[in-house]
Amino acid sequence: MFSPPTRKSTLSARKNVSERRDDISTPLPENRRLLLDSPSVPGRPATGTPVPWSSRLSVLARIPPGKRSDRGDEVDAVQPVYVGEFPQVVRDAQIMSLQNYIPADGSISGGMDKETSLAWIICGNRLFIWNYILPAASRKCVVLDLTLTTSESGDMGNSSQNNNWLVCVVNWDSSKKTASKVVQQSSSAGIVMCNKKTRTLIFWPDIYNADRIPPLTCVAHSESDVTYLQENGKSFSSKRRHNDYGNNVAKSRSVNSLIASVIPTASNTCIALACCSDGEFLGFLCTPSGIKYKQIEHGMSSSFNQGSDNSGLVASKGYPRSLIWHSFTHSSDDTTRQFLLLTNREVQCFEVKLSSDFNVSMLWSHEIIGTDGDLGIQKDLAGQKRIWPLDLDIDSEGKDITILIAIFCMDRVTSSSYIEYSLLTMQYKSGVNIAKPMGEKILEKKAPIQVIIPKARAEDEEFLFSMRLKVGGKPAGSAMILSGDGTATVSHYWRSSTILYQFDLPHDAGKVLDASVTPSSDDSEDGAWVVITEKAGVWAIPEKAVLLGGVEPPARSLSRKGSSNDGLAQEDRRNFSVAGNIAPRRASSEAWDTGDRQRAGLIGVARRSPQDEESETLLSQLFHDFLLSGQVDGVLDKLKNSRAFEREGEINVFTRTSRSIVDTLAKHWTTTRGPEIALSVVSTQLVEKQQKHQKYLQFLALSKCHEELCSRQRQSIQIITEHGEKLAGMIQLRELQNTISHANASRSGSSYGSDIQTSGALWDLIQLVGERARRNTVLLMDRDNAEVFYSKVSDLEEVFHCLEKQLEYVISEDMSTLVQMHRAVELSNACVTLFTASIQYRSEHHLWYPPPEGLTPWYSKSIVWHGLWNLASFMLQLLNETNRLNDSAKFDIYSNLLLLSEILLESYSNAITAKVERKEDHRTLLEEYWKQRDALLDSLYQHVKKIVQEKLQDSADENEEQNKDTLMALSSKLLKIAKRHEGYQTMWSICCDLNDSERLRSLMHESMGPKGGFSCFVFEQLYESRQLLKLMRLGEEFQDELTTFLKQHPDLLWLHEVFLHQFSSASETLHALSLSKDDTSISALEEIESSVSRSQLTLAKRKHYLNLAKISSLAGRNIGYELEVKRIDADLNILQLQEEILRLISDDEEKQSLARKLLPPIDLIELCLKIQNRELSLRAFDLFWWTSASFIRSNTSLLEDCWRNAANQDDWEKLYQMSIMEGWSDEMTSEKLKETILFQASSKCYGPDAETFDFKFDEVLPLRIEHSNLKDTSSSVETVLMQHKDFPDAGKLMVTAVMLGSCGVASSPHDDGPYPME
């Protein structure tokens, strides 16, 4: 595809630019006639009229044979791919132009529109528009006659002006979501075109009805018309020095750029904006009734003043250069829209109001050429002579802005001149709102300047201004530069270096007119680059072609100058091999060496090793020999020696061979005769594939390769057998399409026969899937959608991807409910057909399959059940809107949704099973499965009940038995699905509505599970409805399941245990039940309490359970029951104390809250201390006595607080004064101290009658310091009392009270024993 540069001397390279203008890309008429008469150019008729569409066209003849094989998509796409031919009417116009010897430079111009995928060409006096994405059979061309338009200048019919037109396509139906938007050409579009020289604007409101709606014209006059005519009359010399580029623009008034946008509030109305070389900015309002224009004044012209840069370094004439719409999240309903403008030194952003006045306001501007290199291009550097911003483009997300820059430089050493081409990429600063940008600094450099060609040939300014920039194609981040002489160069930056791929067609194929990006079918990302040529149709550049065929920037221009086609004959025979070292080299793409093929993937592109290719070739040859002879001698050893068994999965050579069999493209597909003719061969082709694939499986079995794959590569043999499943499904799908077509034909009549074959929801789905495959694989773009769909059998999962992502295109909201229902049913039938055929094939050929453990079937992958669920959820919505449908339609959608739900749930079930076998986390998938299962089954059963209810209302006689029979008949299939997928709620509802206990018991026996299965669910339902007697009686038949259930419900478990005379167990259950917490927990430890918390146990009910526990423990009399009874009594005392505390608290919200829950001992102790009651201060010590040693040891500080509180309950200073004044004797002192709280607390904790469970208070907190045997001797009751405020005076009395209490009420201290204070 490349024309390598001719080597020239340095002296010739420095020649005058104008002297090299003779070496143009397309020869002048005289030169063209010489070429036509030359016998050295092959494929030319004797008449001298070139036939560029003939099979011998050099650019087509150089397509390698592999590219035209039946495995087109399997060939490595390292060369441009021929996408499609021009429509015949365009070819006829080209013949006429060539016969009339119209000058080549003015005969043809063209372009491509990314949004609508429309291509256009102006040839002669006509504008041709067609959808280049569509296959040839579906492609329709619109022809607009330019001679019908009149111009004030009177030159509209001059074909020499054809290359001076700027054309914009306006898509009127861009907001509609229909299948036609994706796979068919737009049904409503307009054209706005402007003549760059005369400023004449033409508007076609509807190109598809151009015969009824004539075009409108308008000429934008300028105040400088007189000046313009004078300037246009001057003759400028074509020979200028390189340093005089600033004066090389001959036509300063020309229109440089044109953009147009729909006005959403008006029908077939748009605005168009144009910028001119003299700084003028024009706006047009295009309506079906007329065109209005105005000059938009916002001070922009001052930016283009020739004297704005005194240094003359920055070019000033010919600006502004480019207009482009901002691409961020724009929708057709927006009332405003942003656009970018490229000037000689800035990028400016404006906002236009999408209305009849289309007011324009500037949002921001950013200087890209200035003294600060961090903001863009730094000027005034050594060697710089002139800087041109040539064009800009923005990525699809609206975040990155790329500018093409040309810098004219002078080498100070050699005094040679050259041009440096580079790409400047700017991005929005972090935090900037793109919709409403504010601030002075909006943009910043995304990366250093990317130099495309560091030292290129010096070009004249006219050529530089002819360059255009496109961004967005694959590889991601690549850019395409189009030059005015017809070349296209893709630039891609990778690993700190730039690689270039030049699409340079030979002269007899014409120029590259324009380029675009293949749109993605689901708007996920842009596709490959596509270019439209002057004579060779539309071509695509695959991603691999750029990555593997790119070279380092050569020291030459982006233009054709210096190129030569002298070696075309040799080039036709050249083997275009992409092999060798992966490092880019300074050479054309044909210069790759053929050796050193041991090369890994390049830039993420997976490439097979030569070993894989040899193994696959050997396998194909051995299989071919088997088909001829039936012999398999030595096959296994040969394949082992070729290392064919080392790869797994899709890259395995056996898998690839199987895929090539099922994905073979039909050689006899008649795309030119329409899809209705082509589909007649589909069934035969699919059957042939199935027979060959069956032979392939036999070949694997007889050669023992099947056994080897099953033991070493289970996934590979799984994929191979699944290819057979998909073939079987595709055959059945084709039969279903025939059935639908015949049914539609019988309803519509024979007059619609030609359209019936290509209509319906299934046909639209086929078109969507085929279109997606064509757009994702450029090698298939010249094929029909249906052909691609029925040929790409291995990608059958894409059907479900389109159901998930593009269902709204097949079933739109604009359709009636009945039509939506019919189309949804048709899609549902297709899905069920595919699934059923796969299951049947797997059942019939189960011996071919490997062990299934851990392998996920193709129909259980996420892409499948996501698509199924999207369709099922849509049908669920329709199910709720069936009031307007008749009974037949209601039952139809119900029965089809039932089948769809079955395969959806089966798909989920298989995927979960595979994850479990692989020991992968499946919790998320399991929850999703449960959620969708319940939604489907519940909705379906509600619809069944609704149908039965409607029949009951229509019936005059109410017959209960008949209603049950109807319900059973309608729900029998649903009951089987629910039983298969553990839809217990649906199973329970059906049994209850039928009042069929026998069926319920039968299902309980059949649906066992590790956690009780359906039986536990039934018990739970009975428990919720408080049918406890029925639950217990039913549990007698299901003892194990009842035991499992009752473990979660202790309020019933103790009854069951008493019934079984397990009194000790019942006591434990009741004891735990009485002390269960009120707040539920999801932990396994507290699951036993969750059911109890639902009934909100009161204190009285807890005491009741404790008394029952005590009785059960006494009845059981197991070992240690006395301690258990003592523990129960302690808990009863704690409950009693909580009731006493509540009686002392005033009625408020806090009391109500405390009365509803069981308070822990520590909270009760704190309440006792808080209330400041003498009785409660003493009861706080009881709480310690009723607990355990571990509780006391962990709450020693709280125990000390209780002693402090006890000391505060009496006035010890007053007691001390009374003992002094009254002279108390020992007996009197003892009597008085018995009434103190300290005495009573000491007696309760340390007295002879003090009893605890497993500890003594002395072990935790001794009375006196000298009695302590603990390591921490500072902790004692005496130590706590010493902190009391009255202890200095009444300390003797306080310690005496404590000691008297510990000795007992009737005891007294020894007479000879000293008092503490002594």
# chains A, B, ... in the order shown; residues from 1 in each chain; ligands from 1
call {"tool": "residues_around", "arguments": {"residues": "Leu970 of chain A", "least_positions_apart": "4", "cutoff": "8 Å", "atoms": "only C-alpha atoms", "output": "PyMOL selection string"}}
result
chain A and resi 944+966+974
call {"tool": "select_by_dssp", "arguments": {"residues": "segment 839-876 of chain A", "states": "alpha helix (DSSP H)", "output": "list in words"}}
result
Ile839, Gln840, Tyr841, Arg842, Ser843, Glu844, Ser862, Ile863, Val864, Trp865, His866, Gly867, Leu868, Trp869, Asn870, Leu871, Ala872, Ser873, Phe874, Met875 and Leu876 of chain A
call {"tool": "closest_residue", "arguments": {"among": "A:Thr116, A:Ala528, A:Lys1151, A:Ser483", "to": "Val512 of chain A", "atoms": "only C-alpha atoms"}}
result
A:Ser483
call {"tool": "atom_distance", "arguments": {"atom1": "atom CA of Leu780 of chain A", "atom2": "atom CA of Met112 of chain A"}}
result
19.5 Å
call {"tool": "residues_around", "arguments": {"residues": "Ile1111 of chain A", "least_positions_apart": "4", "cutoff": "10 Å", "atoms": "only C-alpha atoms", "output": "PyMOL selection string"}}
result
chain A and resi 1063-1064+1066-1067+1105-1107+1115-1117+1125
call {"tool": "write_last_selection", "arguments": {"atoms": "N, CA and C atoms", "output": "PDB file, in the first residue's frame"}}
result
ATOM      1  N   PHE A1063     -35.429 -33.236  79.843  1.00  0.00           N
ATOM      2  CA  PHE A1063     -35.683 -32.101  80.724  1.00  0.00           C
ATOM      3  C   PHE A1063     -34.432 -31.236  80.927  1.00  0.00           C
ATOM      4  N   SER A1064     -33.296 -31.842  81.036  1.00  0.00           N
ATOM      5  CA  SER A1064     -32.075 -31.054  81.225  1.00  0.00           C
ATOM      6  C   SER A1064     -31.808 -30.169  80.007  1.00  0.00           C
ATOM      7  N   ALA A1066     -34.080 -29.153  77.946  1.00  0.00           N
ATOM      8  CA  ALA A1066     -35.121 -28.131  77.956  1.00  0.00           C
ATOM      9  C   ALA A1066     -34.764 -27.020  78.936  1.00  0.00           C
ATOM     10  N   SER A1067     -34.181 -27.375  80.081  1.00  0.00           N
ATOM     11  CA  SER A1067     -33.774 -26.367  81.054  1.00  0.00           C
ATOM     12  C   SER A1067     -32.707 -25.442  80.473  1.00  0.00           C
ATOM     13  N   TYR A1105     -39.915 -18.001  81.792  1.00  0.00           N
ATOM     14  CA  TYR A1105     -39.001 -18.981  81.208  1.00  0.00           C
ATOM     15  C   TYR A1105     -37.990 -19.484  82.246  1.00  0.00           C
ATOM     16  N   LEU A1106     -37.531 -18.585  83.144  1.00  0.00           N
ATOM     17  CA  LEU A1106     -36.566 -19.006  84.176  1.00  0.00           C
ATOM     18  C   LEU A1106     -37.214 -19.984  85.157  1.00  0.00           C
ATOM     19  N   ASN A1107     -38.444 -19.725  85.533  1.00  0.00           N
ATOM     20  CA  ASN A1107     -39.140 -20.660  86.422  1.00  0.00           C
ATOM     21  C   ASN A1107     -39.343 -22.017  85.754  1.00  0.00           C
ATOM     22  N   ALA A1115     -36.642 -31.505  87.439  1.00  0.00           N
ATOM     23  CA  ALA A1115     -37.224 -32.738  86.911  1.00  0.00           C
ATOM     24  C   ALA A1115     -36.155 -33.630  86.296  1.00  0.00           C
ATOM     25  N   GLY A1116     -35.164 -33.034  85.690  1.00  0.00           N
ATOM     26  CA  GLY A1116     -34.124 -33.825  85.052  1.00  0.00           C
ATOM     27  C   GLY A1116     -33.147 -34.413  86.046  1.00  0.00           C
ATOM     28  N   ARG A1117     -32.771 -33.596  87.064  1.00  0.00           N
ATOM     29  CA  ARG A1117     -31.860 -34.031  88.125  1.00  0.00           C
ATOM     30  C   ARG A1117     -30.594 -34.671  87.572  1.00  0.00           C
ATOM     31  N   VAL A1125     -29.602 -24.859  89.361  1.00  0.00           N
ATOM     32  CA  VAL A1125     -30.767 -24.243  90.005  1.00  0.00           C
ATOM     33  C   VAL A1125     -30.354 -22.966  90.726  1.00  0.00           C
TER      34      VAL A1125
END
call {"tool": "atom_distance", "arguments": {"atom1": "atom CA of Ala666 of chain A", "atom2": "atom CA of Gln685 of chain A"}}
result
7.3 Å
call {"tool": "residues_around", "arguments": {"residues": "Val546 of chain A", "least_positions_apart": "2", "cutoff": "10 Å", "atoms": "only C-alpha atoms", "output": "list in words"}}
result
Ala77, Val78, Gln79, Pro80, Lys474, Pro475, Ser478, Thr489, Val490, Ser491, His492, Ile499, Leu500, Tyr501, Gln502, Phe503, Trp529, Ile541, Pro542, Glu543, Lys544, Leu548, Gly549, Gly550, Val551 and Ser589 of chain A
call {"tool": "closest_residue", "arguments": {"among": "A:Glu85, A:Glu616, A:Glu1006, A:Glu280", "to": "Ile651 of chain A", "atoms": "only C-alpha atoms"}}
result
A:Glu616
call {"tool": "atom_distance", "arguments": {"atom1": "atom CA of Ser188 of chain A", "atom2": "atom CA of Pro264 of chain A"}}
result
14.0 Å
call {"tool": "residues_around", "arguments": {"residues": "Ala189 of chain A", "least_positions_apart": "2", "cutoff": "12 Å", "atoms": "only C-alpha atoms", "output": "MDAnalysis selection string"}}
result
chainID A and resid 113 115:118 129:131 142 168:174 181 185:187 191:192 203:210 261:262 267:270
call {"tool": "write_last_selection", "arguments": {"atoms": "N, CA and C atoms", "output": "mmCIF file, in the first residue's frame"}}
result
data_model
loop_
_atom_site.group_PDB
_atom_site.id
_atom_site.type_symbol
_atom_site.label_atom_id
_atom_site.label_comp_id
_atom_site.auth_asym_id
_atom_site.auth_seq_id
_atom_site.Cartn_x
_atom_site.Cartn_y
_atom_site.Cartn_z
ATOM 1 N N ASP A 113 -18.804 11.088 7.356
ATOM 2 C CA ASP A 113 -19.393 11.578 8.599
ATOM 3 C C ASP A 113 -19.428 10.435 9.610
ATOM 4 N N GLU A 115 -20.850 10.228 12.719
ATOM 5 C CA GLU A 115 -22.093 9.968 13.456
ATOM 6 C C GLU A 115 -23.070 9.139 12.645
ATOM 7 N N THR A 116 -23.234 9.463 11.376
ATOM 8 C CA THR A 116 -24.226 8.782 10.548
ATOM 9 C C THR A 116 -23.615 7.696 9.668
ATOM 10 N N SER A 117 -22.268 7.601 9.616
ATOM 11 C CA SER A 117 -21.564 6.659 8.737
ATOM 12 C C SER A 117 -21.893 6.914 7.278
ATOM 13 N N LEU A 118 -22.183 8.156 6.947
ATOM 14 C CA LEU A 118 -22.453 8.530 5.565
ATOM 15 C C LEU A 118 -21.169 9.009 4.905
ATOM 16 N N ILE A 129 -24.372 10.550 -1.872
ATOM 17 C CA ILE A 129 -24.313 10.260 -0.436
ATOM 18 C C ILE A 129 -24.790 8.824 -0.215
ATOM 19 N N TRP A 130 -24.019 8.045 0.546
ATOM 20 C CA TRP A 130 -24.410 6.678 0.868
ATOM 21 C C TRP A 130 -23.792 6.275 2.197
ATOM 22 N N ASN A 131 -24.291 5.185 2.765
ATOM 23 C CA ASN A 131 -23.779 4.656 4.025
ATOM 24 C C ASN A 131 -22.698 3.632 3.711
ATOM 25 N N VAL A 142 -27.960 8.340 -2.422
ATOM 26 C CA VAL A 142 -28.771 9.529 -2.676
ATOM 27 C C VAL A 142 -27.983 10.450 -3.598
ATOM 28 N N CYS A 168 -21.374 19.308 5.504
ATOM 29 C CA CYS A 168 -21.743 18.819 6.837
ATOM 30 C C CYS A 168 -23.040 18.031 6.733
ATOM 31 N N VAL A 169 -23.092 16.880 7.385
ATOM 32 C CA VAL A 169 -24.305 16.068 7.456
ATOM 33 C C VAL A 169 -25.006 16.370 8.763
ATOM 34 N N VAL A 170 -26.300 16.639 8.698
ATOM 35 C CA VAL A 170 -27.104 16.934 9.881
ATOM 36 C C VAL A 170 -28.071 15.776 10.094
ATOM 37 N N ASN A 171 -27.914 15.087 11.203
ATOM 38 C CA ASN A 171 -28.721 13.907 11.503
ATOM 39 C C ASN A 171 -29.947 14.334 12.296
ATOM 40 N N TRP A 172 -31.113 14.301 11.675
ATOM 41 C CA TRP A 172 -32.332 14.765 12.352
ATOM 42 C C TRP A 172 -32.826 13.774 13.387
ATOM 43 N N ASP A 173 -32.581 12.484 13.200
ATOM 44 C CA ASP A 173 -33.123 11.466 14.108
ATOM 45 C C ASP A 173 -32.038 10.888 15.000
ATOM 46 N N SER A 174 -31.079 11.716 15.404
ATOM 47 C CA SER A 174 -29.968 11.216 16.229
ATOM 48 C C SER A 174 -30.424 10.763 17.600
ATOM 49 N N LYS A 181 -31.150 2.818 13.282
ATOM 50 C CA LYS A 181 -30.025 3.698 13.603
ATOM 51 C C LYS A 181 -28.719 2.925 13.629
ATOM 52 N N GLN A 185 -29.365 2.673 7.075
ATOM 53 C CA GLN A 185 -28.995 4.056 6.896
ATOM 54 C C GLN A 185 -30.059 4.963 7.502
ATOM 55 N N SER A 186 -29.616 6.164 7.844
ATOM 56 C CA SER A 186 -30.498 7.110 8.510
ATOM 57 C C SER A 186 -31.705 7.412 7.632
ATOM 58 N N SER A 187 -32.850 7.534 8.270
ATOM 59 C CA SER A 187 -34.081 7.795 7.536
ATOM 60 C C SER A 187 -34.361 9.277 7.383
ATOM 61 N N ILE A 191 -28.287 18.174 4.627
ATOM 62 C CA ILE A 191 -26.933 18.506 4.171
ATOM 63 C C ILE A 191 -26.771 20.024 4.174
ATOM 64 N N VAL A 192 -25.666 20.460 4.754
ATOM 65 C CA VAL A 192 -25.261 21.859 4.678
ATOM 66 C C VAL A 192 -23.898 21.880 4.002
ATOM 67 N N PHE A 203 -28.474 24.367 1.491
ATOM 68 C CA PHE A 203 -29.094 23.583 2.565
ATOM 69 C C PHE A 203 -30.178 22.695 1.980
ATOM 70 N N TRP A 204 -29.985 21.375 2.151
ATOM 71 C CA TRP A 204 -31.031 20.406 1.815
ATOM 72 C C TRP A 204 -31.700 19.967 3.112
ATOM 73 N N PRO A 205 -32.945 20.344 3.356
ATOM 74 C CA PRO A 205 -33.608 19.954 4.619
ATOM 75 C C PRO A 205 -33.778 18.452 4.763
ATOM 76 N N ASP A 206 -33.988 17.729 3.663
ATOM 77 C CA ASP A 206 -34.191 16.279 3.734
ATOM 78 C C ASP A 206 -33.635 15.676 2.450
ATOM 79 N N ILE A 207 -32.478 15.044 2.576
ATOM 80 C CA ILE A 207 -31.839 14.516 1.371
ATOM 81 C C ILE A 207 -32.584 13.315 0.808
ATOM 82 N N TYR A 208 -33.371 12.629 1.629
ATOM 83 C CA TYR A 208 -34.101 11.456 1.156
ATOM 84 C C TYR A 208 -35.412 11.836 0.475
ATOM 85 N N ASN A 209 -35.766 13.102 0.541
ATOM 86 C CA ASN A 209 -36.944 13.609 -0.171
ATOM 87 C C ASN A 209 -36.555 14.856 -0.954
ATOM 88 N N ALA A 210 -35.371 14.814 -1.544
ATOM 89 C CA ALA A 210 -34.865 15.988 -2.252
ATOM 90 C C ALA A 210 -35.694 16.309 -3.484
ATOM 91 N N SER A 261 -25.195 22.001 13.533
ATOM 92 C CA SER A 261 -25.825 21.282 14.638
ATOM 93 C C SER A 261 -27.327 21.458 14.573
ATOM 94 N N VAL A 262 -28.023 20.411 14.985
ATOM 95 C CA VAL A 262 -29.490 20.417 14.992
ATOM 96 C C VAL A 262 -30.006 21.342 16.084
ATOM 97 N N SER A 267 -38.233 21.609 13.777
ATOM 98 C CA SER A 267 -38.160 20.477 12.858
ATOM 99 C C SER A 267 -37.285 20.823 11.673
ATOM 100 N N ASN A 268 -36.345 19.927 11.376
ATOM 101 C CA ASN A 268 -35.448 20.076 10.217
ATOM 102 C C ASN A 268 -34.805 21.458 10.167
ATOM 103 N N THR A 269 -34.364 21.903 11.332
ATOM 104 C CA THR A 269 -33.738 23.218 11.444
ATOM 105 C C THR A 269 -32.388 23.054 12.127
ATOM 106 N N CYS A 270 -31.408 23.773 11.620
ATOM 107 C CA CYS A 270 -30.077 23.682 12.197
ATOM 108 C C CYS A 270 -29.394 25.028 12.098
#
call {"tool": "residues_around", "arguments": {"residues": "Leu341 of chain A", "least_positions_apart": "5", "cutoff": "6 Å", "atoms": "only C-alpha atoms", "output": "list in words"}}
result
Ser322, Leu323, Val347 and Gln348 of chain A
call {"tool": "closest_residue", "arguments": {"among": "A:Arg1026, A:Thr657, A:Glu928, A:Asn963", "to": "Asn995 of chain A", "atoms": "only C-alpha atoms"}}
result
A:Asn963
call {"tool": "closest_residue", "arguments": {"among": "A:Cys991, A:Leu1097, A:Ile1134, A:Leu702", "to": "Asp1163 of chain A", "atoms": "only C-alpha atoms"}}
result
A:Ile1134
